[in-house]
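Visitor: Pasting in a structure now, in structure tokens, and then I'll have a few things to ask.
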Amino acid sequence: MLRKRLPDAQAAWPDPVLGVNLRDSLEDLQPGEAEKMQNCHYDGGTRIRLGSSALTTASQGAFRGRGGYRVYPQTASKFRVVAWDTKVATVSDAGVVGTVTVTLTSDQDVHFRTWSITDQTYVANKSNILGKISPAQAYATVTGINIPASPTMTMPFLDRLFAIQGDGVWSTSPRVDSVWSPNSSTWAIYRPSGGTGVPTSIHLHSLTGSLADPLAQLLIFQESSLTALTGTDFGSDVTLTTPPTGWDAALTLLAPNIGTKSPYSVVTVPGVGTFWFTQNANVAWLSFDSSVPKFVGDKLFSNRVDLLGVNNVNYDQLSQVRMAYQDRKLKLFLPVSGNAFSTIQYWLDMRQLQSIPVLADTAKLSWSGPHIGQSLSAVWVESAGGDQDAILATEGDSTVGMFVYLLNQATVFTDQIGAATQDVAVDYRSFYHGFGAPTYEKWIPLVRFDITGDPTNTLVTLKDLHGLTVENMTLTTIDGTALDLNYYDDSVYYGAGAYYGLSVAQSILIADVTAQSETAMLGDAIQVQVATHGGNFVLNQAIPQAQIRRTQPVS
């Protein structure tokens with residue numbers, strides 16, 4: 001028995017319920033925060049993120065995906081459309097590819113949006129005339145009066161369709177897509193005046209998600225501002241020179257300095273509000289019960305040389321920042337290091353904000369990441385029509401080729417990149433534990449781990465903030481027996497008939513410092529690092545044997 005050993009409750013590293021903090025110094029990380037959560041997140045334990053597989057079996061050419069969307073028609077079966085190069089194609093759940101059109105301008109971001117009134121899916125890419133896809137998966141350009149010639153995106157709102165065209169947001173007459181406001185209109189084209197440049201994105205902001213919600217707003221983003229369009233009557237004929245009787249549209253400036261250059265980052269989180277990536281590299285949030293946006297990405301501003309955060313985004317490719325809400329998480333996809341596609345993800349756990357909206361202002365936000373190993377461009381979620389809240393993406397690196405991936409796939413712990421696969425690699429680094437006596441030296445001869453899943457590839461490192469490091473210790477049984485790296489069906493076999501594995505409950509293992517290191521683990525503030533790969537893994541708890549030594553820390 002270790003004399004003067006700290007009680008386990010005091011010695012244990014707290015679970016990383018507060019997520020990563022890249023901004024504060026390592027000395028200032030708090031209990032519950034982590035220095036790094038690479039490819040893992042906290043959900044009843046620190047667990048590996050799920051992997052991905054390719055939906056398409058072969059490359060569709062040396063292109064990167066430019067858009068993806070699930071269509072849920074009222075009069076036909078659901079289908080998926082994906083855009084790359086000049087092409088919009090259907091991609092089935094079995095990976096079968098079928099052509100919808102090959103007439104688009106090459107290599108442009110493509111925005112899809114379905115309007116239930118017409119049961120058509122509209123196609124906008126800031127280059128070609130507004131197009132639409134029928135429930136029968138046939139493509140046509142929209143015809144009629146004042147059709148937008150090069151819209152950026154479309155959005156249904158109340159009884160009409162809106163589109164960004166040039167310096168304004170155009171609208172249709174009620175319930176038709178063939179009559180649009182003329183560019184010369186002074187009332188049926190909405191031009192925000194509070195920010196810089198043309199509109200960059202439009203988005204429905206509605207607590208109920210209903211277009212008829214009396215509190216619904218059409219958010220109009222510019223590079224450096226946010227404006228809300230509200231009203232109940234937008235005019236029966238938008239081609240008129242003057243607004244008709246009853247017209248009550250209004251533009252309200254919500255934020256003069258919080259906008260976006262990332263149109264595909266704007267996303268609704270149910271019950272919470274609208275989130276987006278700002279022009280100055282932060283994540284902003286407009287709550288449904290507020291008219292004032294807030295920043296929620298400050299912890300992702302990196303002051304570390306070895307971790308890339310929001311401030312390391314490729315500013316020349318802000319248009320390629322993506323966000324998606326899936327599995328109770330807001331997922332941020334960042335292009336960094338000169339890339340025009342995402343190679344880094346950070347995930348915000350939304351459960352606190354969703355479960356206790358009254359406490360939203362004081363909720364403790366929890367980001368995990370960086371999640372790495374994937375190179376993605378277009379990202380979308382499929383969560384209606386019987387779809388099981390799936391998240392899909394296209395390959396971003398054209399040298400790999402155009403593939404469609406199913407992400408966050410249950411029981412998969414590898415990533416498919418083109419035709420190749422690689423293990424999802426976890427690197428979890430806790431805060432630096434002072435064990436209640438930050439100015440005294442601590443001695444740790446052993447750490448006990450409560451683990452679910454496959455521990456055979458796990459390495460443990462203990463690091464003192466100001467000195468020693470004991471690296472790459474392996475896990476053993478409590479009596480010191482090495483793990484046998486043999487497998488029995490889906491389980492890992494190690495020693496005397498005991499089986500642990502993917503479907504088996506927790507096991508207790510140890511990293512014995514005294515047995516594996518010639519250097520004693522002494523320090524004043526000590527971090528535990530756990531690295532693993534190659535299978536399911538959940539770290540439930542890490543508890544060291546720790547003794548406080550009544551001397552000052554060694555320099």
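Please note that chains go A, B, ... in the order of the structure tokens, that every chain numbers its residues from 1, and that ligands are numbered from 1 in the order shown.
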So that I can check the surroundings of A:Gly434, please list as a ChimeraX atom specification every protein, DNA and RNA residue that reaches within 12 Å of it, counting only C-alpha atoms and ignoring chain neighbours fewer than 3 positions away.
Guide: /A:6,10-14,27-31,430-431,437-443,464-466,522-527,546-548,553
Visitor: Go ahead and save the picked residues with N, CA and C atoms, as an mmCIF file, in the first residue's frame.
Guide:
data_model
loop_
_atom_site.group_PDB
_atom_site.id
_atom_site.type_symbol
_atom_site.label_atom_id
_atom_site.label_comp_id
_atom_site.auth_asym_id
_atom_site.auth_seq_id
_atom_site.Cartn_x
_atom_site.Cartn_y
_atom_site.Cartn_z
ATOM 1 N N LEU A 6 -3.293 9.600 -1.964
ATOM 2 C CA LEU A 6 -4.492 10.415 -2.075
ATOM 3 C C LEU A 6 -5.702 9.527 -2.330
ATOM 4 N N GLN A 10 -10.072 12.100 -5.223
ATOM 5 C CA GLN A 10 -9.252 13.310 -5.326
ATOM 6 C C GLN A 10 -8.162 13.143 -6.382
ATOM 7 N N ALA A 11 -7.703 11.908 -6.574
ATOM 8 C CA ALA A 11 -6.583 11.665 -7.481
ATOM 9 C C ALA A 11 -7.029 11.524 -8.931
ATOM 10 N N ALA A 12 -8.245 11.077 -9.159
ATOM 11 C CA ALA A 12 -8.692 10.786 -10.520
ATOM 12 C C ALA A 12 -8.662 12.032 -11.398
ATOM 13 N N TRP A 13 -8.281 11.828 -12.670
ATOM 14 C CA TRP A 13 -8.413 12.925 -13.636
ATOM 15 C C TRP A 13 -9.891 13.083 -13.959
ATOM 16 N N PRO A 14 -10.452 14.265 -13.818
ATOM 17 C CA PRO A 14 -11.878 14.447 -14.114
ATOM 18 C C PRO A 14 -12.175 14.142 -15.580
ATOM 19 N N GLU A 27 -1.171 25.986 -18.193
ATOM 20 C CA GLU A 27 -1.262 26.176 -16.738
ATOM 21 C C GLU A 27 -2.675 26.502 -16.289
ATOM 22 N N ASP A 28 -3.460 27.114 -17.192
ATOM 23 C CA ASP A 28 -4.780 27.596 -16.813
ATOM 24 C C ASP A 28 -5.917 26.662 -17.196
ATOM 25 N N LEU A 29 -5.607 25.511 -17.790
ATOM 26 C CA LEU A 29 -6.664 24.553 -18.081
ATOM 27 C C LEU A 29 -7.325 24.107 -16.777
ATOM 28 N N GLN A 30 -8.653 24.016 -16.796
ATOM 29 C CA GLN A 30 -9.409 23.714 -15.602
ATOM 30 C C GLN A 30 -9.799 22.238 -15.544
ATOM 31 N N PRO A 31 -10.094 21.718 -14.336
ATOM 32 C CA PRO A 31 -10.627 20.356 -14.256
ATOM 33 C C PRO A 31 -11.849 20.199 -15.160
ATOM 34 N N SER A 430 -5.347 15.116 -21.084
ATOM 35 C CA SER A 430 -6.146 15.769 -20.050
ATOM 36 C C SER A 430 -5.575 17.133 -19.679
ATOM 37 N N PHE A 431 -6.219 17.794 -18.742
ATOM 38 C CA PHE A 431 -5.616 18.977 -18.126
ATOM 39 C C PHE A 431 -4.484 18.525 -17.202
ATOM 40 N N ALA A 437 -2.890 20.081 -4.429
ATOM 41 C CA ALA A 437 -1.705 20.672 -3.796
ATOM 42 C C ALA A 437 -0.752 21.124 -4.888
ATOM 43 N N PRO A 438 -1.087 22.195 -5.593
ATOM 44 C CA PRO A 438 -0.344 22.545 -6.811
ATOM 45 C C PRO A 438 1.114 22.898 -6.606
ATOM 46 N N THR A 439 1.508 23.312 -5.408
ATOM 47 C CA THR A 439 2.909 23.715 -5.220
ATOM 48 C C THR A 439 3.783 22.587 -4.687
ATOM 49 N N TYR A 440 3.195 21.399 -4.476
ATOM 50 C CA TYR A 440 3.972 20.288 -3.942
ATOM 51 C C TYR A 440 4.251 19.241 -5.018
ATOM 52 N N GLU A 441 5.326 18.520 -4.817
ATOM 53 C CA GLU A 441 5.679 17.453 -5.734
ATOM 54 C C GLU A 441 4.796 16.231 -5.484
ATOM 55 N N LYS A 442 4.363 15.594 -6.599
ATOM 56 C CA LYS A 442 3.585 14.363 -6.519
ATOM 57 C C LYS A 442 4.378 13.206 -7.132
ATOM 58 N N TRP A 443 4.138 12.024 -6.578
ATOM 59 C CA TRP A 443 4.757 10.809 -7.103
ATOM 60 C C TRP A 443 3.645 9.864 -7.544
ATOM 61 N N ASP A 464 4.690 15.769 -16.817
ATOM 62 C CA ASP A 464 4.673 16.881 -15.867
ATOM 63 C C ASP A 464 4.753 18.190 -16.646
ATOM 64 N N LEU A 465 3.938 19.128 -16.267
ATOM 65 C CA LEU A 465 3.894 20.397 -16.979
ATOM 66 C C LEU A 465 5.259 21.069 -17.033
ATOM 67 N N HIS A 466 6.068 20.880 -16.020
ATOM 68 C CA HIS A 466 7.339 21.602 -15.920
ATOM 69 C C HIS A 466 8.567 20.694 -15.926
ATOM 70 N N LEU A 522 7.606 12.031 -11.173
ATOM 71 C CA LEU A 522 7.516 13.072 -10.165
ATOM 72 C C LEU A 522 7.164 14.384 -10.844
ATOM 73 N N GLY A 523 6.305 15.173 -10.222
ATOM 74 C CA GLY A 523 5.971 16.465 -10.793
ATOM 75 C C GLY A 523 4.943 17.190 -9.966
ATOM 76 N N ASP A 524 4.702 18.450 -10.332
ATOM 77 C CA ASP A 524 3.728 19.240 -9.573
ATOM 78 C C ASP A 524 2.363 19.249 -10.253
ATOM 79 N N ALA A 525 2.317 19.228 -11.589
ATOM 80 C CA ALA A 525 1.062 19.208 -12.336
ATOM 81 C C ALA A 525 1.222 18.199 -13.453
ATOM 82 N N ILE A 526 0.408 17.146 -13.436
ATOM 83 C CA ILE A 526 0.665 15.978 -14.275
ATOM 84 C C ILE A 526 -0.537 15.694 -15.166
ATOM 85 N N GLN A 527 -0.224 15.438 -16.416
ATOM 86 C CA GLN A 527 -1.232 15.122 -17.422
ATOM 87 C C GLN A 527 -1.172 13.637 -17.767
ATOM 88 N N ALA A 546 -1.435 8.199 -6.260
ATOM 89 C CA ALA A 546 -0.696 9.462 -6.155
ATOM 90 C C ALA A 546 -0.378 9.769 -4.704
ATOM 91 N N GLN A 547 0.854 10.189 -4.502
ATOM 92 C CA GLN A 547 1.307 10.584 -3.163
ATOM 93 C C GLN A 547 1.871 11.990 -3.224
ATOM 94 N N ILE A 548 1.445 12.834 -2.310
ATOM 95 C CA ILE A 548 2.003 14.184 -2.209
ATOM 96 C C ILE A 548 3.263 14.121 -1.363
ATOM 97 N N PRO A 553 8.465 21.508 -5.785
ATOM 98 C CA PRO A 553 8.755 20.851 -7.063
ATOM 99 C C PRO A 553 10.210 21.017 -7.478
#
Visitor: Between A:Thr200, A:Gln74, A:Ser181, A:Ser171, which is the closest to A:Lys126 once you count only C-alpha atoms?
Guide: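 Nearest to A:Lys126: A:Thr200.
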Visitor: Run DSSP on the backbone and grab whatever in stretch 313-461 of chain A lands in helix (DSSP H, G or I); send it over as an NGL selection string.
Guide: :A and (315-320 or 351-355 or 357-362)
Visitor: Could you tell me which of A:Ala340, A:Ile202, A:Ala138, A:Val179 comes closest to A:Gln165 if we count only C-alpha atoms?
Guide: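 The shortest atom-to-atom distance to A:Gln165 comes from A:Ile202.
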Visitor: Can you list, as a ChimeraX atom specification, every protein, DNA or RNA residue that comes within 8 Å of A:Ile344 when you count only C-alpha atoms, leaving out same-chain residues fewer than 3 positions away?
Guide: /A:333-336,370-374
Visitor: Do a neighbour search on A:Met350 at 10 Å with only C-alpha atoms, toss out local chain neighbours closer than 5 positions, and write the hits as an NGL selection string.
Guide: :A and (269-270 or 272 or 325-330 or 355 or 363 or 365-367)
Visitor: Would you put the residues from that selection into a file with C-alpha atoms, as a compact mmCIF listing (two decimals), in the first residue's frame?
Guide:
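File produced: result_31.txt:
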# COMPACT_ATOMS: atom_id res chain seq x y z
CA VAL A 269 -29.93 23.46 -34.25
CA PRO A 270 -33.44 22.39 -33.19
CA VAL A 272 -31.62 26.34 -29.86
CA TYR A 325 -25.97 19.35 -36.94
CA GLN A 326 -26.05 15.61 -36.38
CA ASP A 327 -26.20 13.22 -33.42
CA ARG A 328 -26.80 16.08 -30.93
CA LYS A 329 -23.57 17.72 -32.07
CA LEU A 330 -22.80 20.81 -34.10
CA SER A 355 -31.89 20.26 -22.45
CA ALA A 363 -24.26 26.66 -20.13
CA LEU A 365 -19.97 24.57 -23.79
CA SER A 366 -17.97 21.49 -24.70
CA TRP A 367 -16.01 21.24 -27.97
Visitor: Could you check the closest approach to A:Ser517 for each of A:Val538, A:Val379, A:Ile478, A:Leu468 and tell me which residue wins, using only C-alpha atoms?
Guide: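 Once distances to A:Ser517 are computed over only C-alpha atoms, the minimum belongs to A:Leu468.
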Visitor: Point out the residue among A:Leu459, A:Val17, A:Leu406, A:Leu509 with the least atom-to-atom distance to A:Gly95, counting only C-alpha atoms.
Guide: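 For A:Gly95, the nearest of the given residues is A:Leu406.
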Visitor: For A:Gly65, work out the shell of residues within 12 Å, counting only C-alpha atoms and skipping chain neighbours fewer than 6 positions away, then give it as an mmCIF file with N, CA, C and O atoms, in the first residue's frame.
Guide:
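As written to disk, around07.cif reads:
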data_model
loop_
_atom_site.group_PDB
_atom_site.id
_atom_site.type_symbol
_atom_site.label_atom_id
_atom_site.label_comp_id
_atom_site.auth_asym_id
_atom_site.auth_seq_id
_atom_site.Cartn_x
_atom_site.Cartn_y
_atom_site.Cartn_z
ATOM 1 N N SER A 59 -13.957 5.958 -57.910
ATOM 2 C CA SER A 59 -13.856 7.398 -58.114
ATOM 3 C C SER A 59 -14.699 7.822 -59.314
ATOM 4 O O SER A 59 -14.757 7.136 -60.335
ATOM 5 N N VAL A 81 -29.052 13.727 -54.369
ATOM 6 C CA VAL A 81 -28.345 14.360 -55.480
ATOM 7 C C VAL A 81 -26.999 14.876 -54.986
ATOM 8 O O VAL A 81 -26.878 15.394 -53.872
ATOM 9 N N VAL A 82 -25.982 14.723 -55.824
ATOM 10 C CA VAL A 82 -24.625 15.147 -55.514
ATOM 11 C C VAL A 82 -24.069 15.868 -56.741
ATOM 12 O O VAL A 82 -24.336 15.463 -57.879
ATOM 13 N N ALA A 83 -23.298 16.952 -56.501
ATOM 14 C CA ALA A 83 -22.753 17.751 -57.603
ATOM 15 C C ALA A 83 -21.234 17.705 -57.600
ATOM 16 O O ALA A 83 -20.597 17.764 -56.547
ATOM 17 N N TRP A 84 -20.654 17.585 -58.797
ATOM 18 C CA TRP A 84 -19.216 17.751 -59.003
ATOM 19 C C TRP A 84 -18.983 18.102 -60.465
ATOM 20 O O TRP A 84 -19.799 17.797 -61.326
ATOM 21 N N ASP A 85 -17.867 18.793 -60.735
ATOM 22 C CA ASP A 85 -17.539 19.225 -62.090
ATOM 23 C C ASP A 85 -18.755 19.929 -62.698
ATOM 24 O O ASP A 85 -19.272 20.877 -62.143
ATOM 25 N N THR A 86 -19.241 19.496 -63.849
ATOM 26 C CA THR A 86 -20.430 20.097 -64.483
ATOM 27 C C THR A 86 -21.693 19.299 -64.176
ATOM 28 O O THR A 86 -22.749 19.569 -64.743
ATOM 29 N N LYS A 87 -21.606 18.360 -63.268
ATOM 30 C CA LYS A 87 -22.602 17.300 -63.159
ATOM 31 C C LYS A 87 -23.416 17.385 -61.874
ATOM 32 O O LYS A 87 -22.890 17.695 -60.800
ATOM 33 N N VAL A 88 -24.705 17.102 -61.991
ATOM 34 C CA VAL A 88 -25.541 16.736 -60.857
ATOM 35 C C VAL A 88 -25.982 15.299 -61.096
ATOM 36 O O VAL A 88 -26.493 14.970 -62.180
ATOM 37 N N ALA A 89 -25.754 14.447 -60.100
ATOM 38 C CA ALA A 89 -26.054 13.025 -60.265
ATOM 39 C C ALA A 89 -26.827 12.514 -59.062
ATOM 40 O O ALA A 89 -26.726 13.055 -57.955
ATOM 41 N N SER A 106 -18.408 24.400 -64.661
ATOM 42 C CA SER A 106 -17.539 23.463 -63.970
ATOM 43 C C SER A 106 -17.050 23.983 -62.626
ATOM 44 O O SER A 106 -16.706 25.157 -62.476
ATOM 45 N N ASP A 107 -17.049 23.080 -61.644
ATOM 46 C CA ASP A 107 -16.359 23.268 -60.365
ATOM 47 C C ASP A 107 -16.862 24.483 -59.589
ATOM 48 O O ASP A 107 -16.073 25.269 -59.063
ATOM 49 N N GLN A 108 -18.171 24.621 -59.491
ATOM 50 C CA GLN A 108 -18.792 25.679 -58.689
ATOM 51 C C GLN A 108 -19.560 25.047 -57.530
ATOM 52 O O GLN A 108 -20.155 23.975 -57.673
ATOM 53 N N ASP A 109 -19.574 25.706 -56.373
ATOM 54 C CA ASP A 109 -20.401 25.237 -55.268
ATOM 55 C C ASP A 109 -21.860 25.239 -55.692
ATOM 56 O O ASP A 109 -22.356 26.220 -56.263
ATOM 57 N N VAL A 110 -22.550 24.139 -55.409
ATOM 58 C CA VAL A 110 -23.938 23.979 -55.835
ATOM 59 C C VAL A 110 -24.821 23.873 -54.597
ATOM 60 O O VAL A 110 -24.561 23.057 -53.698
ATOM 61 N N HIS A 111 -25.854 24.722 -54.550
ATOM 62 C CA HIS A 111 -26.794 24.750 -53.436
ATOM 63 C C HIS A 111 -28.121 24.160 -53.891
ATOM 64 O O HIS A 111 -28.675 24.559 -54.921
ATOM 65 N N GLN A 320 -15.485 27.601 -48.035
ATOM 66 C CA GLN A 320 -15.498 26.140 -47.925
ATOM 67 C C GLN A 320 -15.628 25.661 -46.482
ATOM 68 O O GLN A 320 -15.584 24.439 -46.240
ATOM 69 N N ALA A 340 -8.324 23.817 -49.845
ATOM 70 C CA ALA A 340 -9.645 24.325 -50.212
ATOM 71 C C ALA A 340 -10.732 23.354 -49.777
ATOM 72 O O ALA A 340 -11.848 23.408 -50.281
ATOM 73 N N PHE A 341 -10.413 22.472 -48.847
ATOM 74 C CA PHE A 341 -11.371 21.502 -48.322
ATOM 75 C C PHE A 341 -11.026 21.245 -46.867
ATOM 76 O O PHE A 341 -9.930 21.572 -46.389
ATOM 77 N N SER A 342 -11.963 20.654 -46.153
ATOM 78 C CA SER A 342 -11.793 20.445 -44.719
ATOM 79 C C SER A 342 -10.892 19.255 -44.422
ATOM 80 O O SER A 342 -11.068 18.175 -44.981
ATOM 81 N N SER A 375 -10.684 14.082 -45.485
ATOM 82 C CA SER A 375 -10.531 15.263 -46.337
ATOM 83 C C SER A 375 -11.845 15.447 -47.089
ATOM 84 O O SER A 375 -12.124 14.722 -48.042
ATOM 85 N N LEU A 376 -12.658 16.403 -46.642
ATOM 86 C CA LEU A 376 -14.052 16.490 -47.065
ATOM 87 C C LEU A 376 -14.369 17.853 -47.659
ATOM 88 O O LEU A 376 -13.741 18.854 -47.328
ATOM 89 N N SER A 377 -15.367 17.874 -48.527
ATOM 90 C CA SER A 377 -15.865 19.151 -49.054
ATOM 91 C C SER A 377 -17.331 19.290 -48.693
ATOM 92 O O SER A 377 -17.665 19.678 -47.580
ATOM 93 N N ALA A 378 -18.253 18.959 -49.589
ATOM 94 C CA ALA A 378 -19.679 19.097 -49.281
ATOM 95 C C ALA A 378 -20.075 18.139 -48.156
ATOM 96 O O ALA A 378 -19.655 16.980 -48.135
ATOM 97 N N VAL A 379 -20.893 18.638 -47.212
ATOM 98 C CA VAL A 379 -21.358 17.847 -46.078
ATOM 99 C C VAL A 379 -22.857 18.088 -45.917
ATOM 100 O O VAL A 379 -23.307 19.229 -45.998
ATOM 101 N N TRP A 380 -23.633 17.033 -45.699
ATOM 102 C CA TRP A 380 -25.059 17.210 -45.476
ATOM 103 C C TRP A 380 -25.593 16.090 -44.581
ATOM 104 O O TRP A 380 -24.976 15.045 -44.422
ATOM 105 N N LEU A 392 -23.420 12.625 -44.416
ATOM 106 C CA LEU A 392 -22.657 12.224 -45.592
ATOM 107 C C LEU A 392 -21.779 13.374 -46.049
ATOM 108 O O LEU A 392 -22.005 14.534 -45.702
ATOM 109 N N ALA A 393 -20.780 13.049 -46.835
ATOM 110 C CA ALA A 393 -19.862 14.064 -47.342
ATOM 111 C C ALA A 393 -19.212 13.561 -48.620
ATOM 112 O O ALA A 393 -19.222 12.355 -48.915
ATOM 113 N N THR A 394 -18.648 14.493 -49.353
ATOM 114 C CA THR A 394 -17.892 14.138 -50.549
ATOM 115 C C THR A 394 -16.403 14.332 -50.292
ATOM 116 O O THR A 394 -16.001 15.110 -49.411
ATOM 117 N N GLU A 395 -15.590 13.635 -51.057
ATOM 118 C CA GLU A 395 -14.144 13.804 -50.978
ATOM 119 C C GLU A 395 -13.772 15.221 -51.404
ATOM 120 O O GLU A 395 -14.294 15.749 -52.388
ATOM 121 N N GLY A 396 -12.872 15.839 -50.642
ATOM 122 C CA GLY A 396 -12.449 17.190 -50.960
ATOM 123 C C GLY A 396 -11.185 17.271 -51.784
ATOM 124 O O GLY A 396 -10.973 18.240 -52.509
ATOM 125 N N ASP A 397 -10.330 16.265 -51.681
ATOM 126 C CA ASP A 397 -9.048 16.260 -52.369
ATOM 127 C C ASP A 397 -9.225 15.631 -53.748
ATOM 128 O O ASP A 397 -9.430 14.419 -53.870
ATOM 129 N N SER A 398 -9.144 16.439 -54.784
ATOM 130 C CA SER A 398 -9.392 15.934 -56.127
ATOM 131 C C SER A 398 -8.354 14.906 -56.568
ATOM 132 O O SER A 398 -8.615 14.105 -57.477
ATOM 133 N N VAL A 400 -7.446 12.448 -54.811
ATOM 134 C CA VAL A 400 -7.985 11.161 -54.359
ATOM 135 C C VAL A 400 -9.077 10.694 -55.310
ATOM 136 O O VAL A 400 -9.228 9.503 -55.587
ATOM 137 N N GLY A 401 -9.854 11.671 -55.826
ATOM 138 C CA GLY A 401 -10.972 11.352 -56.705
ATOM 139 C C GLY A 401 -12.292 11.642 -56.014
ATOM 140 O O GLY A 401 -12.356 11.811 -54.799
ATOM 141 N N MET A 402 -13.366 11.710 -56.790
ATOM 142 C CA MET A 402 -14.669 12.052 -56.259
ATOM 143 C C MET A 402 -15.352 10.807 -55.697
ATOM 144 O O MET A 402 -15.712 9.886 -56.416
ATOM 145 N N PHE A 403 -15.501 10.798 -54.376
ATOM 146 C CA PHE A 403 -16.209 9.736 -53.669
ATOM 147 C C PHE A 403 -17.281 10.370 -52.784
ATOM 148 O O PHE A 403 -17.149 11.513 -52.358
ATOM 149 N N VAL A 404 -18.300 9.592 -52.486
ATOM 150 C CA VAL A 404 -19.305 9.973 -51.498
ATOM 151 C C VAL A 404 -19.130 9.062 -50.295
ATOM 152 O O VAL A 404 -19.064 7.824 -50.452
ATOM 153 N N TYR A 405 -19.034 9.658 -49.095
ATOM 154 C CA TYR A 405 -18.782 8.893 -47.872
ATOM 155 C C TYR A 405 -19.974 8.949 -46.928
ATOM 156 O O TYR A 405 -20.658 9.971 -46.827
#
Visitor: Please identify the strand (DSSP E) residues within stretch 183-234 of chain A (assignment by DSSP from backbone atoms) and present them as a list in words.
Guide: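 Here are the strand (DSSP E) residues of stretch 183-234 of chain A: Ser201, Ile202, His203, Leu204, His205, Gln217, Leu218, Leu219, Ile220, Phe221, Gln222, Ser225, Leu226, Thr227, Ala228, Leu229 and Thr230 of chain A.
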Visitor: When you count only C-alpha atoms, which of these residues is closest to A:Asn146: A:Pro243, A:Gly259, A:Pro182, A:Gly231?
Guide: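 Checking each candidate against A:Asn146, we get A:Pro182 as the closest.
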